[in-house]
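Here the structure comes first, spelled out in structure tokens, and everything after it is commentary.
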Amino acid sequence: MLKLAALPNISTRTMFSAFTATALFSVASLSNAALFNDNLPTDKDAELSVGVNVMAVKSAYDLEDSTEVRVLPGVFYDNNRIYARGAQAGAYLINDGVNQLSAYAQLAGNSFDPDDANGALQGLDERKLSAEAGISYQRRTPIGAFRGQFATDVLDESGGNTGRLTYLAKITRNKLTVYPSIGFEYHDAAYNEYYYGVSEEESAETGVAAYKSNSSLNPYVSVSANYDFNERWAGFANQSVSYVPNEQYDSPMVDSRTEAATTLGLLYKF
């Protein structure tokens with residue numbers, strides 16, 4: 001007989017997060033049951049775009065070099081039932097062309113490598129990227145789209161929850177399409193405590209002041225652009241900037257009021 005005691009490295013929170021993710025995507029599988037009778041039909045001619053992105057991330061952490069360059073794969077696909085957009089993948093529960101309700105998973109969180117930090121911060125523990133699963137609802141209107149999202153950490157790095165409220169627009173000029181957006185991102189206390197808090201133990205070992213964070217609301221703006229060179233190749237670019245509120249900025253790990261990411265990518269369309 002299998003006993004829970006035989007799995008000492010799996011926390012209750014980790015198991016809860018795993019069950020949460022499983023439940024979300026089990027519910028998402030009901031999308032084929034047409035929760036709304038006028039759901040859009042599956043687009044059998046949906047285009048798959050695959051490519052590579054080069055991302056320059058300017059962190060708010062107090063690092064020797066605050067800009068990190070990452071090379072990531074890029075995948076874009078949407079057939080009105082399932083979708084992939086860069087680091088996010090999901091399935092629609094409702095998609096009638098105006099209302100979109102979906103379950104999704106994506107990369108989440110920040111990364112803090114003590115080896116790259118300044119001074120006594122080099123003695124702190126590492127903070128790792130994670131993955132989260134959640135629910136997203138988007139409403140399209142004549143003046144743009146409004147989207148709300150809520151997700152939970154399913155890898156139990158922070159054990160926290162995040163949310164987003166976003167306004168999105170779309171501007172098309174021949175082969176160029178631009179997507180400006182603006183909104184707020186919510187981070188709960190558990191998320192902020194993991195990525196920005198300093199424990200009493202870390203403080204005693206390093207001399208860095210102990211810090212306990214609360215939940216926060218981060219305003220952000222983002223502009224994405226897609227340019228079709230021809231029927232097969234397209235270029236992609238994104239610039240996003242997020243304001244760091246006091247709940248994060250007051251941490252001794254942080255030395256900037258902004259975080260920014262610049263992405264350039266090349267996509268091949270099948």
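Ordered as shown in the structure tokens, chains take letters A, B, and onward, while each chain numbers its residues from 1 and ligands are numbered from 1 in the order shown.
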
Taking 3 positions as the minimum chain separation for residues in the same chain, which residues sit within 12 Å of Arg173 in chain A when counting only C-alpha atoms? Answer as a PDB file with all heavy atoms, in the first residue's frame.
ATOM      1  N   LYS A 170      -6.127  46.558 -31.287  1.00  0.00           N
ATOM      2  CA  LYS A 170      -5.500  45.992 -32.477  1.00  0.00           C
ATOM      3  C   LYS A 170      -5.521  47.020 -33.594  1.00  0.00           C
ATOM      4  O   LYS A 170      -6.576  47.574 -33.917  1.00  0.00           O
ATOM      5  CB  LYS A 170      -6.226  44.720 -32.913  1.00  0.00           C
ATOM      6  CG  LYS A 170      -5.650  44.051 -34.152  1.00  0.00           C
ATOM      7  CD  LYS A 170      -6.435  42.788 -34.501  1.00  0.00           C
ATOM      8  CE  LYS A 170      -5.900  42.099 -35.740  1.00  0.00           C
ATOM      9  NZ  LYS A 170      -6.666  40.877 -36.080  1.00  0.00           N
ATOM     10  N   LEU A 176       1.450  45.024 -41.475  1.00  0.00           N
ATOM     11  CA  LEU A 176       1.830  45.286 -40.092  1.00  0.00           C
ATOM     12  C   LEU A 176       0.599  45.281 -39.189  1.00  0.00           C
ATOM     13  O   LEU A 176      -0.404  45.930 -39.486  1.00  0.00           O
ATOM     14  CB  LEU A 176       2.536  46.634 -39.982  1.00  0.00           C
ATOM     15  CG  LEU A 176       2.901  47.108 -38.570  1.00  0.00           C
ATOM     16  CD1 LEU A 176       3.952  46.198 -37.955  1.00  0.00           C
ATOM     17  CD2 LEU A 176       3.380  48.555 -38.599  1.00  0.00           C
ATOM     18  N   THR A 177       0.683  44.541 -38.076  1.00  0.00           N
ATOM     19  CA  THR A 177      -0.366  44.541 -37.060  1.00  0.00           C
ATOM     20  C   THR A 177       0.266  44.878 -35.716  1.00  0.00           C
ATOM     21  O   THR A 177       1.257  44.262 -35.314  1.00  0.00           O
ATOM     22  CB  THR A 177      -1.066  43.177 -36.967  1.00  0.00           C
ATOM     23  OG1 THR A 177      -1.560  42.804 -38.259  1.00  0.00           O
ATOM     24  CG2 THR A 177      -2.223  43.238 -35.996  1.00  0.00           C
ATOM     25  N   VAL A 178      -0.320  45.857 -35.029  1.00  0.00           N
ATOM     26  CA  VAL A 178       0.201  46.317 -33.742  1.00  0.00           C
ATOM     27  C   VAL A 178      -0.852  46.066 -32.667  1.00  0.00           C
ATOM     28  O   VAL A 178      -2.045  46.331 -32.871  1.00  0.00           O
ATOM     29  CB  VAL A 178       0.565  47.820 -33.791  1.00  0.00           C
ATOM     30  CG1 VAL A 178       1.098  48.291 -32.445  1.00  0.00           C
ATOM     31  CG2 VAL A 178       1.593  48.068 -34.888  1.00  0.00           C
ATOM     32  N   TYR A 179      -0.395  45.566 -31.510  1.00  0.00           N
ATOM     33  CA  TYR A 179      -1.283  45.257 -30.399  1.00  0.00           C
ATOM     34  C   TYR A 179      -0.826  46.011 -29.145  1.00  0.00           C
ATOM     35  O   TYR A 179      -0.009  45.502 -28.375  1.00  0.00           O
ATOM     36  CB  TYR A 179      -1.277  43.763 -30.098  1.00  0.00           C
ATOM     37  CG  TYR A 179      -1.647  42.869 -31.255  1.00  0.00           C
ATOM     38  CD1 TYR A 179      -0.663  42.369 -32.109  1.00  0.00           C
ATOM     39  CD2 TYR A 179      -2.966  42.484 -31.481  1.00  0.00           C
ATOM     40  CE1 TYR A 179      -0.990  41.537 -33.166  1.00  0.00           C
ATOM     41  CE2 TYR A 179      -3.308  41.644 -32.532  1.00  0.00           C
ATOM     42  CZ  TYR A 179      -2.308  41.171 -33.376  1.00  0.00           C
ATOM     43  OH  TYR A 179      -2.634  40.347 -34.421  1.00  0.00           O
ATOM     44  N   ALA A 225       4.061  43.844 -32.002  1.00  0.00           N
ATOM     45  CA  ALA A 225       3.884  44.097 -33.436  1.00  0.00           C
ATOM     46  C   ALA A 225       4.257  42.852 -34.216  1.00  0.00           C
ATOM     47  O   ALA A 225       5.192  42.125 -33.856  1.00  0.00           O
ATOM     48  CB  ALA A 225       4.735  45.274 -33.886  1.00  0.00           C
ATOM     49  N   ASN A 226       3.515  42.597 -35.278  1.00  0.00           N
ATOM     50  CA  ASN A 226       3.774  41.472 -36.167  1.00  0.00           C
ATOM     51  C   ASN A 226       3.823  41.985 -37.601  1.00  0.00           C
ATOM     52  O   ASN A 226       2.908  42.696 -38.043  1.00  0.00           O
ATOM     53  CB  ASN A 226       2.692  40.404 -36.016  1.00  0.00           C
ATOM     54  CG  ASN A 226       3.017  39.133 -36.770  1.00  0.00           C
ATOM     55  OD1 ASN A 226       3.668  38.251 -36.231  1.00  0.00           O
ATOM     56  ND2 ASN A 226       2.561  39.030 -38.012  1.00  0.00           N
ATOM     57  N   TYR A 227       4.861  41.630 -38.340  1.00  0.00           N
ATOM     58  CA  TYR A 227       4.982  42.071 -39.732  1.00  0.00           C
ATOM     59  C   TYR A 227       5.182  40.858 -40.635  1.00  0.00           C
ATOM     60  O   TYR A 227       6.096  40.041 -40.430  1.00  0.00           O
ATOM     61  CB  TYR A 227       6.169  43.017 -39.903  1.00  0.00           C
ATOM     62  CG  TYR A 227       6.275  43.605 -41.294  1.00  0.00           C
ATOM     63  CD1 TYR A 227       5.513  44.714 -41.654  1.00  0.00           C
ATOM     64  CD2 TYR A 227       7.118  43.034 -42.253  1.00  0.00           C
ATOM     65  CE1 TYR A 227       5.589  45.247 -42.935  1.00  0.00           C
ATOM     66  CE2 TYR A 227       7.196  43.560 -43.531  1.00  0.00           C
ATOM     67  CZ  TYR A 227       6.436  44.668 -43.870  1.00  0.00           C
ATOM     68  OH  TYR A 227       6.508  45.192 -45.141  1.00  0.00           O
ATOM     69  N   ASP A 228       4.306  40.714 -41.622  1.00  0.00           N
ATOM     70  CA  ASP A 228       4.380  39.590 -42.557  1.00  0.00           C
ATOM     71  C   ASP A 228       5.308  39.947 -43.720  1.00  0.00           C
ATOM     72  O   ASP A 228       4.955  40.766 -44.579  1.00  0.00           O
ATOM     73  CB  ASP A 228       2.994  39.250 -43.093  1.00  0.00           C
ATOM     74  CG  ASP A 228       2.086  38.677 -42.025  1.00  0.00           C
ATOM     75  OD1 ASP A 228       2.574  37.886 -41.196  1.00  0.00           O
ATOM     76  OD2 ASP A 228       0.889  39.032 -42.002  1.00  0.00           O
TER      77      ASP A 228
END

> Just asking: which residues within range 58-241 of chain A are strand (DSSP E) according to DSSP, as a PyMOL selection string?
Replying inline: chain A and resi 58+67-78+82-85+88-95+99-108+130-141+144-153+161-168+171-173+176-187+216-228+233-241

Saved selection, atoms kept: C-alpha atoms, as an mmCIF file, in the first residue's frame:
data_model
loop_
_atom_site.group_PDB
_atom_site.id
_atom_site.type_symbol
_atom_site.label_atom_id
_atom_site.label_comp_id
_atom_site.auth_asym_id
_atom_site.auth_seq_id
_atom_site.Cartn_x
_atom_site.Cartn_y
_atom_site.Cartn_z
ATOM 1 C CA LYS A 58 15.833 44.290 -17.405
ATOM 2 C CA THR A 67 19.834 42.952 -18.170
ATOM 3 C CA GLU A 68 19.598 39.253 -19.032
ATOM 4 C CA VAL A 69 19.361 37.930 -22.593
ATOM 5 C CA ARG A 70 17.268 34.809 -23.158
ATOM 6 C CA VAL A 71 16.680 32.794 -26.338
ATOM 7 C CA LEU A 72 13.295 31.079 -26.327
ATOM 8 C CA PRO A 73 11.174 29.152 -28.830
ATOM 9 C CA GLY A 74 8.000 30.822 -30.054
ATOM 10 C CA VAL A 75 4.760 29.088 -31.043
ATOM 11 C CA PHE A 76 1.522 30.752 -32.200
ATOM 12 C CA TYR A 77 -1.629 28.777 -33.031
ATOM 13 C CA ASP A 78 -5.386 29.248 -32.549
ATOM 14 C CA ILE A 82 -6.971 25.374 -28.379
ATOM 15 C CA TYR A 83 -4.276 28.026 -28.659
ATOM 16 C CA ALA A 84 -0.596 28.735 -28.078
ATOM 17 C CA ARG A 85 0.796 32.256 -27.733
ATOM 18 C CA GLN A 88 1.181 30.485 -22.849
ATOM 19 C CA ALA A 89 -0.994 27.580 -24.005
ATOM 20 C CA GLY A 90 -4.662 26.989 -23.316
ATOM 21 C CA ALA A 91 -8.047 25.620 -24.296
ATOM 22 C CA TYR A 92 -11.311 27.527 -24.759
ATOM 23 C CA LEU A 93 -14.353 26.664 -22.690
ATOM 24 C CA ILE A 94 -16.340 29.414 -24.409
ATOM 25 C CA ASN A 95 -15.415 31.136 -27.677
ATOM 26 C CA ASN A 99 -16.704 36.122 -25.258
ATOM 27 C CA GLN A 100 -13.666 33.953 -24.646
ATOM 28 C CA LEU A 101 -13.327 31.855 -21.482
ATOM 29 C CA SER A 102 -10.264 29.627 -21.350
ATOM 30 C CA ALA A 103 -8.048 27.582 -19.069
ATOM 31 C CA TYR A 104 -4.329 28.098 -19.589
ATOM 32 C CA ALA A 105 -0.801 27.386 -18.375
ATOM 33 C CA GLN A 106 2.314 29.526 -18.777
ATOM 34 C CA LEU A 107 5.754 30.327 -17.428
ATOM 35 C CA ALA A 108 5.599 32.709 -14.471
ATOM 36 C CA SER A 130 7.847 28.695 -12.108
ATOM 37 C CA ALA A 131 4.727 27.765 -14.056
ATOM 38 C CA GLU A 132 1.140 28.679 -13.331
ATOM 39 C CA ALA A 133 -2.282 27.512 -14.455
ATOM 40 C CA GLY A 134 -5.408 29.594 -14.432
ATOM 41 C CA ILE A 135 -8.607 30.900 -15.954
ATOM 42 C CA SER A 136 -8.909 33.788 -18.430
ATOM 43 C CA TYR A 137 -11.989 35.690 -19.618
ATOM 44 C CA GLN A 138 -11.899 38.168 -22.509
ATOM 45 C CA ARG A 139 -14.689 40.353 -23.863
ATOM 46 C CA ARG A 140 -14.342 41.960 -27.284
ATOM 47 C CA THR A 141 -15.994 45.357 -27.813
ATOM 48 C CA GLY A 144 -11.022 46.972 -27.982
ATOM 49 C CA ALA A 145 -10.888 43.935 -25.727
ATOM 50 C CA PHE A 146 -10.970 43.642 -21.942
ATOM 51 C CA ARG A 147 -9.350 40.621 -20.290
ATOM 52 C CA GLY A 148 -9.272 39.287 -16.732
ATOM 53 C CA GLN A 149 -7.009 36.432 -15.601
ATOM 54 C CA PHE A 150 -6.323 34.568 -12.367
ATOM 55 C CA ALA A 151 -3.698 31.841 -11.923
ATOM 56 C CA THR A 152 -1.912 29.803 -9.274
ATOM 57 C CA ASP A 153 1.670 28.537 -9.044
ATOM 58 C CA ASN A 161 -1.407 33.522 -6.993
ATOM 59 C CA THR A 162 -1.440 36.215 -9.661
ATOM 60 C CA GLY A 163 -4.115 38.106 -11.535
ATOM 61 C CA ARG A 164 -4.310 40.504 -14.487
ATOM 62 C CA LEU A 165 -6.748 43.109 -15.772
ATOM 63 C CA THR A 166 -5.890 44.263 -19.291
ATOM 64 C CA TYR A 167 -7.216 46.474 -22.055
ATOM 65 C CA LEU A 168 -6.064 45.405 -25.536
ATOM 66 C CA ILE A 171 -4.232 48.252 -35.265
ATOM 67 C CA THR A 172 -3.665 46.837 -38.771
ATOM 68 C CA ARG A 173 -1.887 48.580 -41.652
ATOM 69 C CA LEU A 176 1.830 45.286 -40.092
ATOM 70 C CA THR A 177 -0.366 44.541 -37.060
ATOM 71 C CA VAL A 178 0.201 46.317 -33.742
ATOM 72 C CA TYR A 179 -1.283 45.257 -30.399
ATOM 73 C CA PRO A 180 -1.007 47.904 -27.641
ATOM 74 C CA SER A 181 -2.192 46.956 -24.155
ATOM 75 C CA ILE A 182 -2.314 48.474 -20.682
ATOM 76 C CA GLY A 183 -3.348 47.070 -17.337
ATOM 77 C CA PHE A 184 -2.570 45.953 -13.798
ATOM 78 C CA GLU A 185 -1.014 42.758 -12.503
ATOM 79 C CA TYR A 186 -1.858 41.482 -9.009
ATOM 80 C CA HIS A 187 0.639 39.474 -6.930
ATOM 81 C CA SER A 216 0.808 44.302 -4.675
ATOM 82 C CA LEU A 217 -0.721 45.832 -7.796
ATOM 83 C CA ASN A 218 1.736 46.482 -10.647
ATOM 84 C CA PRO A 219 0.692 48.803 -13.525
ATOM 85 C CA TYR A 220 2.147 47.882 -16.921
ATOM 86 C CA VAL A 221 2.069 48.799 -20.593
ATOM 87 C CA SER A 222 2.973 46.617 -23.555
ATOM 88 C CA VAL A 223 3.163 46.987 -27.334
ATOM 89 C CA SER A 224 3.484 43.997 -29.667
ATOM 90 C CA ALA A 225 3.884 44.097 -33.436
ATOM 91 C CA ASN A 226 3.774 41.472 -36.167
ATOM 92 C CA TYR A 227 4.982 42.071 -39.732
ATOM 93 C CA ASP A 228 4.380 39.590 -42.557
ATOM 94 C CA TRP A 233 7.912 34.398 -42.843
ATOM 95 C CA ALA A 234 6.945 37.004 -40.269
ATOM 96 C CA GLY A 235 8.765 39.171 -37.759
ATOM 97 C CA PHE A 236 7.618 39.718 -34.186
ATOM 98 C CA ALA A 237 8.526 42.396 -31.636
ATOM 99 C CA ASN A 238 7.341 43.324 -28.146
ATOM 100 C CA GLN A 239 8.207 45.997 -25.614
ATOM 101 C CA SER A 240 6.741 45.867 -22.108
ATOM 102 C CA VAL A 241 7.382 47.998 -19.023
#

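With CA of Tyr195 in chain A on one side and CA of Val154 in chain A on the other, the separation reads 15.7 Å.
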
>> For range 117-126 of chain A, find every residue with an atom within 10 Å (counting only C-alpha atoms), except residues of its own chain fewer than 3 positions away, and show them as a list in words.
In response: Tyr61, Asp62, Leu63, Glu64, Asp65, Ser66, Ser111, Phe112, Asp113, Pro114, Tyr194, Tyr195, Val198, Ser199, Glu201, Glu202, Ser203, Glu205, Thr206, Gly207, Val208, Pro252 and Met253 of chain A
